[in-house]
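**Q** This is the structure I have questions about; it appears just below.
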Amino acid sequence: MLAQSIYLGLMSGTSFDGVDGVAVQFVPGQPLQVLAASARSFEPALREALFALQTPGHNEIEREAQIANQLAHDYALTTNELLQQAALKPSQVQALGVHGQTIRHQPTLGYTRQINNPARLAELTSIDVVADFRSRDIAAGGQGAPLVCAFHAVQFGAPDETRVICNIGGISNITILAAEETTGGFDCGPGNALLDYWANLHLGTPYDTNGCFALSGKVNENLLHTLLAGHYFALPPPKSTGRELFNSAWLNIRLEKFDTLPPQDVQATLTALTAHSIARAIAQFASRCQAIYVCGGGARNPALMQMLGAALSTAGLAHATLSTTDTLGVPAQQVEACAFAWLAMRCVTRAPGNLPSVTGAAGPRVLGALYPR
């Protein structure tokens with residue numbers, strides 16, 4: 001690692017809500033320091049265009065290219081905000097790590113697709129850009145996800161406590177940090193993706209603000225059982241998933257026998273699905289954990305956090321404390337962006353960024369492709 005190096009990290013996840021960015025300073029032997037943070041919401045038209053790319057459609061190659069250009073523009077605006085906040089010049093930044101926007105994730109077919117135009121972003125920002133982090137892990141036989149686990153291990157691991165870091169974005173994933181044991185992790189299932197879909201369908205809003213829609217309903221145990229019977233939840237790790245599986249079609253098939261349920265009850269049950277799938281995953285693979293720290297957009301949903309606490313207790317994990325990564329010094333909404341700043345640093349210094357114990361890759365690999373300024 002270069003002494004006192006500054007990196008930017010940009011993350012736009014499967015919730016399609018916008019881009020989170022951070023400017024981070026890495027100093028060898030010290031915790032990272034966040035110099036600036038910014039969050040930019042996507043315009044409704046861009047969100048709709050991204051949703052449309054989730055399934056094959058007319059002229060999708062050109063539409064993808066145009067959307068990638070628009071994403072680069074939004075990423076550049078976020079970058080400029082970070083530079084202004086931290087009083088930095090582009091020349092003072094070692095590199096910018098950008099995840100891009102996932103529109104397909106099919107590791108079993110040997111590919112993943114995060115749209116972006118990193119060359120354009122390098123041109124707009126005059127900063128070296130590191131992008132396409134997942135492809136090398138998949139080329140090595142891995143899932144290409146979740147990639148944040150390696151960062152979690154460095155940032156949040158503790159010698160005296162077995163911890164689980166739970167990221168709840170569009171998809172939920174966990175990282176298992178056990179002292180003197182190999183780090184584990186995998187995608188648990190849907191995070192906010194189905195909640196956002198149902199809220200948009202019935203409220204016309206991008207998400208269920210503060211979980212109020214869910215809190216107005218009641219969990220239907222029969223529907224919850226039906227949802228949890230989905231095949232993905234029983235698969236052993238390594239595993240990863242996305243909107244290719246957990247989408248409106250997956251949900252609507254399972255709702256056919258529950259068409260008289262009030263929409264708020266469905267929302268409550270979908271929230272319970274996210275909570276119980278996470279709790280069951282932790283109970284099965286990290287039953288001895290002493291603390292669970294949540295990050296991502298789901299950490300801001302009181303209904304989800306409340307149901308997660310109850311689900312953990314039901315799963316035999318009442319002994320584990322539940323909080324957010326704010327407790328560990330990194331705000332929940334900044335963790336993933338920090339992870340991609342860290343992954344960019346690993347790429348620039350030619351250090352591995354994946355964990356084969358998580359993704360199933362043949363070995364450690366340097367992740368990312370560099371687009372010089």
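Letters A, B, ... go to the chains of the structure tokens in the order shown; residues in each chain start at 1; ligands are counted from 1 in the same order.
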Can you list every residue of segment 290-340 of chain A that has an atom at most 12 Å from segment 39-62 of chain A, with its nearest atom pair and the distance in Å to one decimal, using only C-alpha atoms, ordered by chain then number, as JSON lines?
**A**
```
{"residue": "A:Gly297", "atom": "CA", "partner": "A:Ala39", "partner_atom": "CA", "distance": 11.8}
{"residue": "A:Gln333", "atom": "CA", "partner": "A:Ala39", "partner_atom": "CA", "distance": 9.0}
{"residue": "A:Gln334", "atom": "CA", "partner": "A:Ala39", "partner_atom": "CA", "distance": 9.2}
{"residue": "A:Ala337", "atom": "CA", "partner": "A:Ala39", "partner_atom": "CA", "distance": 10.2}
```
**Q** Given the selection you just returned, output its residues as a file containing N, CA and C atoms, formatted as a short mmCIF file (atom, residue, chain, number, x, y, z; two decimals), in the first residue's frame.
**A**
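selection-v8.cif was written with the following content:
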```
data_model
loop_
_atom_site.label_atom_id
_atom_site.label_comp_id
_atom_site.auth_asym_id
_atom_site.auth_seq_id
_atom_site.Cartn_x
_atom_site.Cartn_y
_atom_site.Cartn_z
N GLY A 297 -28.71 -0.19 3.09
CA GLY A 297 -29.96 0.55 3.24
C GLY A 297 -30.92 -0.07 4.23
N GLN A 333 -24.38 3.24 5.81
CA GLN A 333 -24.58 3.56 4.41
C GLN A 333 -23.26 3.76 3.66
N GLN A 334 -22.14 3.81 4.38
CA GLN A 334 -20.85 4.06 3.73
C GLN A 334 -20.00 2.80 3.54
N ALA A 337 -19.33 1.51 -0.19
CA ALA A 337 -18.48 2.43 -0.94
C ALA A 337 -17.05 2.36 -0.43
#
```
**Q** Near Gly191 of chain A, counting only C-alpha atoms, which residues have an atom at most 12 Å away, once you skip same-chain residues fewer than 3 positions from it, shown as a VMD selection string?
**A** chain A and resid 13 to 15 166 to 174 187 to 188 194 to 197 241 to 243 246 to 247 270 to 278 294 to 299 301 304 to 305 308
**Q** Give me, as a ChimeraX atom specification, all polymer residues having an atom no more than 7 Å from segment 83-85 of chain A, counting only C-alpha atoms and skipping those fewer than 4 positions away in the same chain.
**A** /A:36,79,89
**Q** For all heavy atoms, I'd like the residues from the last selection saved as a PDB file, in the first residue's frame.
**A**
```pdb
ATOM      1  N   ALA A  36     -14.654  12.238   3.225  1.00  0.00           N
ATOM      2  CA  ALA A  36     -15.892  12.828   2.714  1.00  0.00           C
ATOM      3  C   ALA A  36     -16.838  11.703   2.311  1.00  0.00           C
ATOM      4  O   ALA A  36     -16.400  10.593   1.994  1.00  0.00           O
ATOM      5  CB  ALA A  36     -15.621  13.738   1.508  1.00  0.00           C
ATOM      6  N   THR A  79     -18.308  12.171  -7.648  1.00  0.00           N
ATOM      7  CA  THR A  79     -16.865  12.339  -7.457  1.00  0.00           C
ATOM      8  C   THR A  79     -16.515  13.792  -7.187  1.00  0.00           C
ATOM      9  O   THR A  79     -15.733  14.100  -6.267  1.00  0.00           O
ATOM     10  CB  THR A  79     -16.111  11.838  -8.696  1.00  0.00           C
ATOM     11  OG1 THR A  79     -16.364  10.439  -8.874  1.00  0.00           O
ATOM     12  CG2 THR A  79     -14.616  12.075  -8.565  1.00  0.00           C
ATOM     13  N   LYS A  89      -7.701  17.804  -4.882  1.00  0.00           N
ATOM     14  CA  LYS A  89      -7.553  17.904  -6.319  1.00  0.00           C
ATOM     15  C   LYS A  89      -7.526  16.489  -6.900  1.00  0.00           C
ATOM     16  O   LYS A  89      -7.087  15.553  -6.225  1.00  0.00           O
ATOM     17  CB  LYS A  89      -6.264  18.635  -6.671  1.00  0.00           C
ATOM     18  CG  LYS A  89      -6.204  20.065  -6.165  1.00  0.00           C
ATOM     19  CD  LYS A  89      -4.856  20.688  -6.513  1.00  0.00           C
ATOM     20  CE  LYS A  89      -4.764  22.113  -5.983  1.00  0.00           C
ATOM     21  NZ  LYS A  89      -3.432  22.721  -6.284  1.00  0.00           N
TER      22      LYS A  89
END
```
**Q** Name the residues in contact with Cys338 of chain A at a cut-off of 7 Å, using only C-alpha atoms, excluding same-chain residues fewer than 4 positions from it; report them as a count of residues only.
**A** 4
**Q** Can you tell me which residues surround segment 235-239 of chain A at a distance of at most 8 Å, considering only C-alpha atoms, apart from same-chain residues fewer than 3 positions away, and format the answer as an mmCIF file with all heavy atoms, in the first residue's frame?
**A**
```cif
data_model
loop_
_atom_site.group_PDB
_atom_site.id
_atom_site.type_symbol
_atom_site.label_atom_id
_atom_site.label_comp_id
_atom_site.auth_asym_id
_atom_site.auth_seq_id
_atom_site.Cartn_x
_atom_site.Cartn_y
_atom_site.Cartn_z
ATOM 1 N N GLN A 143 -17.875 -17.244 -7.585
ATOM 2 C CA GLN A 143 -19.183 -16.634 -7.751
ATOM 3 C C GLN A 143 -19.101 -15.158 -8.141
ATOM 4 O O GLN A 143 -20.087 -14.580 -8.590
ATOM 5 C CB GLN A 143 -19.977 -16.754 -6.444
ATOM 6 C CG GLN A 143 -20.414 -18.159 -6.088
ATOM 7 C CD GLN A 143 -21.617 -18.598 -6.894
ATOM 8 O OE1 GLN A 143 -22.606 -17.887 -6.989
ATOM 9 N NE2 GLN A 143 -21.532 -19.778 -7.479
ATOM 10 N N ALA A 145 -19.081 -12.869 -6.099
ATOM 11 C CA ALA A 145 -19.844 -12.163 -5.071
ATOM 12 C C ALA A 145 -20.052 -13.104 -3.878
ATOM 13 O O ALA A 145 -20.045 -14.326 -4.059
ATOM 14 C CB ALA A 145 -21.199 -11.709 -5.623
ATOM 15 N N GLY A 185 -18.799 -16.372 4.083
ATOM 16 C CA GLY A 185 -19.823 -15.416 3.668
ATOM 17 C C GLY A 185 -20.532 -15.862 2.407
ATOM 18 O O GLY A 185 -20.011 -16.687 1.646
ATOM 19 N N PHE A 186 -21.716 -15.302 2.186
ATOM 20 C CA PHE A 186 -22.503 -15.626 0.998
ATOM 21 C C PHE A 186 -23.730 -14.724 0.960
ATOM 22 O O PHE A 186 -24.062 -14.053 1.944
ATOM 23 C CB PHE A 186 -22.937 -17.098 0.995
ATOM 24 C CG PHE A 186 -23.633 -17.541 2.266
ATOM 25 C CD1 PHE A 186 -25.003 -17.427 2.408
ATOM 26 C CD2 PHE A 186 -22.897 -18.073 3.317
ATOM 27 C CE1 PHE A 186 -25.642 -17.829 3.576
ATOM 28 C CE2 PHE A 186 -23.516 -18.489 4.491
ATOM 29 C CZ PHE A 186 -24.892 -18.361 4.613
ATOM 30 N N ASP A 187 -24.413 -14.718 -0.175
ATOM 31 C CA ASP A 187 -25.688 -14.009 -0.310
ATOM 32 C C ASP A 187 -26.778 -14.845 0.344
ATOM 33 O O ASP A 187 -26.919 -16.041 0.053
ATOM 34 C CB ASP A 187 -26.037 -13.792 -1.782
ATOM 35 C CG ASP A 187 -25.217 -12.699 -2.439
ATOM 36 O OD1 ASP A 187 -24.523 -11.961 -1.716
ATOM 37 O OD2 ASP A 187 -25.257 -12.585 -3.684
ATOM 38 N N HIS A 231 -35.967 -22.649 -3.445
ATOM 39 C CA HIS A 231 -34.813 -23.548 -3.494
ATOM 40 C C HIS A 231 -33.511 -22.871 -3.107
ATOM 41 O O HIS A 231 -32.607 -23.511 -2.562
ATOM 42 C CB HIS A 231 -34.694 -24.144 -4.900
ATOM 43 C CG HIS A 231 -34.057 -23.222 -5.897
ATOM 44 N ND1 HIS A 231 -34.760 -22.197 -6.528
ATOM 45 C CD2 HIS A 231 -32.774 -23.145 -6.354
ATOM 46 C CE1 HIS A 231 -33.942 -21.549 -7.336
ATOM 47 N NE2 HIS A 231 -32.746 -22.090 -7.246
ATOM 48 N N TYR A 232 -33.381 -21.565 -3.387
ATOM 49 C CA TYR A 232 -32.100 -20.896 -3.139
ATOM 50 C C TYR A 232 -31.695 -20.970 -1.679
ATOM 51 O O TYR A 232 -30.505 -21.155 -1.366
ATOM 52 C CB TYR A 232 -32.155 -19.426 -3.581
ATOM 53 C CG TYR A 232 -30.841 -18.712 -3.324
ATOM 54 C CD1 TYR A 232 -29.784 -18.833 -4.226
ATOM 55 C CD2 TYR A 232 -30.639 -17.954 -2.174
ATOM 56 C CE1 TYR A 232 -28.559 -18.213 -3.990
ATOM 57 C CE2 TYR A 232 -29.418 -17.335 -1.928
ATOM 58 C CZ TYR A 232 -28.392 -17.469 -2.832
ATOM 59 O OH TYR A 232 -27.169 -16.857 -2.580
ATOM 60 N N SER A 357 -12.494 -18.555 0.081
ATOM 61 C CA SER A 357 -13.362 -19.236 1.040
ATOM 62 C C SER A 357 -14.798 -18.739 0.955
ATOM 63 O O SER A 357 -15.728 -19.424 1.394
ATOM 64 C CB SER A 357 -12.834 -19.031 2.460
ATOM 65 O OG SER A 357 -12.787 -17.644 2.796
ATOM 66 N N VAL A 358 -14.990 -17.563 0.386
ATOM 67 C CA VAL A 358 -16.325 -16.971 0.226
ATOM 68 C C VAL A 358 -16.879 -17.254 -1.168
ATOM 69 O O VAL A 358 -18.008 -17.727 -1.327
ATOM 70 C CB VAL A 358 -16.290 -15.460 0.491
ATOM 71 C CG1 VAL A 358 -17.617 -14.799 0.093
ATOM 72 C CG2 VAL A 358 -15.984 -15.181 1.958
ATOM 73 N N THR A 359 -16.089 -16.942 -2.192
ATOM 74 C CA THR A 359 -16.608 -17.008 -3.558
ATOM 75 C C THR A 359 -16.438 -18.373 -4.206
ATOM 76 O O THR A 359 -17.110 -18.677 -5.194
ATOM 77 C CB THR A 359 -15.910 -15.975 -4.456
ATOM 78 O OG1 THR A 359 -14.518 -16.328 -4.594
ATOM 79 C CG2 THR A 359 -16.030 -14.566 -3.860
ATOM 80 N N GLY A 360 -15.520 -19.194 -3.695
ATOM 81 C CA GLY A 360 -15.260 -20.480 -4.311
ATOM 82 C C GLY A 360 -14.272 -20.428 -5.459
ATOM 83 O O GLY A 360 -14.099 -21.414 -6.181
#
```
**Q** Given only C-alpha atoms as the basis, pick out the residue of A:Arg254, A:Gly211, A:Pro31, A:Pro331 nearest to Ala229 of chain A.
**A**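 Ranked by minimum distance to Ala229 of chain A, first place goes to A:Arg254.
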**Q** Hey, could you make a per-residue contact list for segment 95-146 of chain A against segment 66-74 of chain A with 9 Å as the cut-off, showing the nearest pair of atoms and its distance in Å to one decimal, counting only C-alpha atoms, sorted by chain and number, as a tab-separated table?
**A**
```
residue	atom	partner	partner_atom	distance
A:Gly100	CA	A:Leu71	CA	8.1
A:Gln101	CA	A:Leu71	CA	8.3
A:Ile115	CA	A:Ala68	CA	5.7
A:Asn116	CA	A:Ala68	CA	4.5
A:Asn117	CA	A:Ala68	CA	5.4
A:Pro118	CA	A:Ala72	CA	7.1
A:Ala119	CA	A:Ala72	CA	8.9
A:Arg120	CA	A:Ala72	CA	6.6
A:Leu121	CA	A:Ala72	CA	5.3
A:Leu124	CA	A:His73	CA	7.9
```
**Q** Keeping only all heavy atoms, take the residues you just selected and write them out as an mmCIF file, in the first residue's frame.
**A**
```
data_model
loop_
_atom_site.group_PDB
_atom_site.id
_atom_site.type_symbol
_atom_site.label_atom_id
_atom_site.label_comp_id
_atom_site.auth_asym_id
_atom_site.auth_seq_id
_atom_site.Cartn_x
_atom_site.Cartn_y
_atom_site.Cartn_z
ATOM 1 N N GLY A 100 -20.095 -0.090 -10.558
ATOM 2 C CA GLY A 100 -21.002 -0.186 -11.698
ATOM 3 C C GLY A 100 -22.357 -0.717 -11.253
ATOM 4 O O GLY A 100 -22.575 -0.997 -10.078
ATOM 5 N N GLN A 101 -23.272 -0.833 -12.210
ATOM 6 C CA GLN A 101 -24.638 -1.237 -11.892
ATOM 7 C C GLN A 101 -24.915 -2.634 -12.431
ATOM 8 O O GLN A 101 -24.895 -2.862 -13.644
ATOM 9 C CB GLN A 101 -25.630 -0.247 -12.504
ATOM 10 C CG GLN A 101 -27.047 -0.451 -12.055
ATOM 11 C CD GLN A 101 -27.216 -0.138 -10.574
ATOM 12 O OE1 GLN A 101 -26.924 0.962 -10.125
ATOM 13 N NE2 GLN A 101 -27.694 -1.108 -9.816
ATOM 14 N N ILE A 115 -22.903 -2.606 -15.643
ATOM 15 C CA ILE A 115 -22.748 -1.584 -16.679
ATOM 16 C C ILE A 115 -22.138 -0.328 -16.076
ATOM 17 O O ILE A 115 -22.356 0.021 -14.917
ATOM 18 C CB ILE A 115 -24.063 -1.276 -17.409
ATOM 19 C CG1 ILE A 115 -25.130 -0.710 -16.462
ATOM 20 C CG2 ILE A 115 -24.585 -2.497 -18.125
ATOM 21 C CD1 ILE A 115 -26.341 -0.193 -17.211
ATOM 22 N N ASN A 116 -21.378 0.340 -16.918
ATOM 23 C CA ASN A 116 -20.582 1.485 -16.497
ATOM 24 C C ASN A 116 -19.820 1.919 -17.732
ATOM 25 O O ASN A 116 -19.730 1.164 -18.707
ATOM 26 C CB ASN A 116 -19.624 1.053 -15.366
ATOM 27 C CG ASN A 116 -18.817 2.203 -14.802
ATOM 28 O OD1 ASN A 116 -19.125 3.368 -15.032
ATOM 29 N ND2 ASN A 116 -17.775 1.864 -14.065
ATOM 30 N N ASN A 117 -19.281 3.121 -17.716
ATOM 31 C CA ASN A 117 -18.347 3.535 -18.758
ATOM 32 C C ASN A 117 -17.121 4.095 -18.049
ATOM 33 O O ASN A 117 -16.981 5.312 -17.907
ATOM 34 C CB ASN A 117 -18.970 4.567 -19.691
ATOM 35 C CG ASN A 117 -18.102 4.840 -20.906
ATOM 36 O OD1 ASN A 117 -16.880 4.667 -20.857
ATOM 37 N ND2 ASN A 117 -18.709 5.289 -21.987
ATOM 38 N N PRO A 118 -16.236 3.210 -17.561
ATOM 39 C CA PRO A 118 -15.096 3.691 -16.770
ATOM 40 C C PRO A 118 -14.136 4.565 -17.564
ATOM 41 O O PRO A 118 -13.493 5.454 -16.992
ATOM 42 C CB PRO A 118 -14.428 2.398 -16.298
ATOM 43 C CG PRO A 118 -14.934 1.331 -17.201
ATOM 44 C CD PRO A 118 -16.285 1.745 -17.631
ATOM 45 N N ALA A 119 -14.032 4.341 -18.880
ATOM 46 C CA ALA A 119 -13.176 5.207 -19.685
ATOM 47 C C ALA A 119 -13.719 6.634 -19.686
ATOM 48 O O ALA A 119 -12.967 7.608 -19.550
ATOM 49 C CB ALA A 119 -13.088 4.661 -21.114
ATOM 50 N N ARG A 120 -15.014 6.754 -19.842
ATOM 51 C CA ARG A 120 -15.646 8.079 -19.813
ATOM 52 C C ARG A 120 -15.496 8.707 -18.430
ATOM 53 O O ARG A 120 -15.261 9.922 -18.307
ATOM 54 C CB ARG A 120 -17.124 7.939 -20.189
ATOM 55 C CG ARG A 120 -17.878 9.259 -20.315
ATOM 56 C CD ARG A 120 -19.331 8.991 -20.686
ATOM 57 N NE ARG A 120 -20.083 10.219 -20.884
ATOM 58 C CZ ARG A 120 -20.208 10.836 -22.061
ATOM 59 N NH1 ARG A 120 -19.606 10.320 -23.125
ATOM 60 N NH2 ARG A 120 -20.914 11.942 -22.169
ATOM 61 N N LEU A 121 -15.636 7.893 -17.381
ATOM 62 C CA LEU A 121 -15.504 8.414 -16.017
ATOM 63 C C LEU A 121 -14.083 8.931 -15.770
ATOM 64 O O LEU A 121 -13.899 9.976 -15.147
ATOM 65 C CB LEU A 121 -15.858 7.323 -15.010
ATOM 66 C CG LEU A 121 -15.862 7.720 -13.538
ATOM 67 C CD1 LEU A 121 -16.822 8.878 -13.268
ATOM 68 C CD2 LEU A 121 -16.237 6.518 -12.669
ATOM 69 N N LEU A 124 -13.891 12.254 -17.472
ATOM 70 C CA LEU A 124 -14.655 13.310 -16.798
ATOM 71 C C LEU A 124 -14.016 13.767 -15.488
ATOM 72 O O LEU A 124 -14.194 14.912 -15.080
ATOM 73 C CB LEU A 124 -16.081 12.822 -16.516
ATOM 74 C CG LEU A 124 -16.996 12.613 -17.718
ATOM 75 C CD1 LEU A 124 -18.299 11.931 -17.287
ATOM 76 C CD2 LEU A 124 -17.299 13.944 -18.400
#
```
**Q** Calculate how many Å separate atom CA of Leu147 of chain A from atom CA of Leu96 of chain A, rounding to one decimal.
**A**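 If I compute the distance from atom CA of Leu147 of chain A to atom CA of Leu96 of chain A, I get 16.7 Å.
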**Q** So the first atom is atom CA of Gly29 of chain A and the second is atom CA of Arg134 of chain A; what is the distance between them in Å, to one decimal place?
**A**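 Those two atoms sit 27.1 Å apart.
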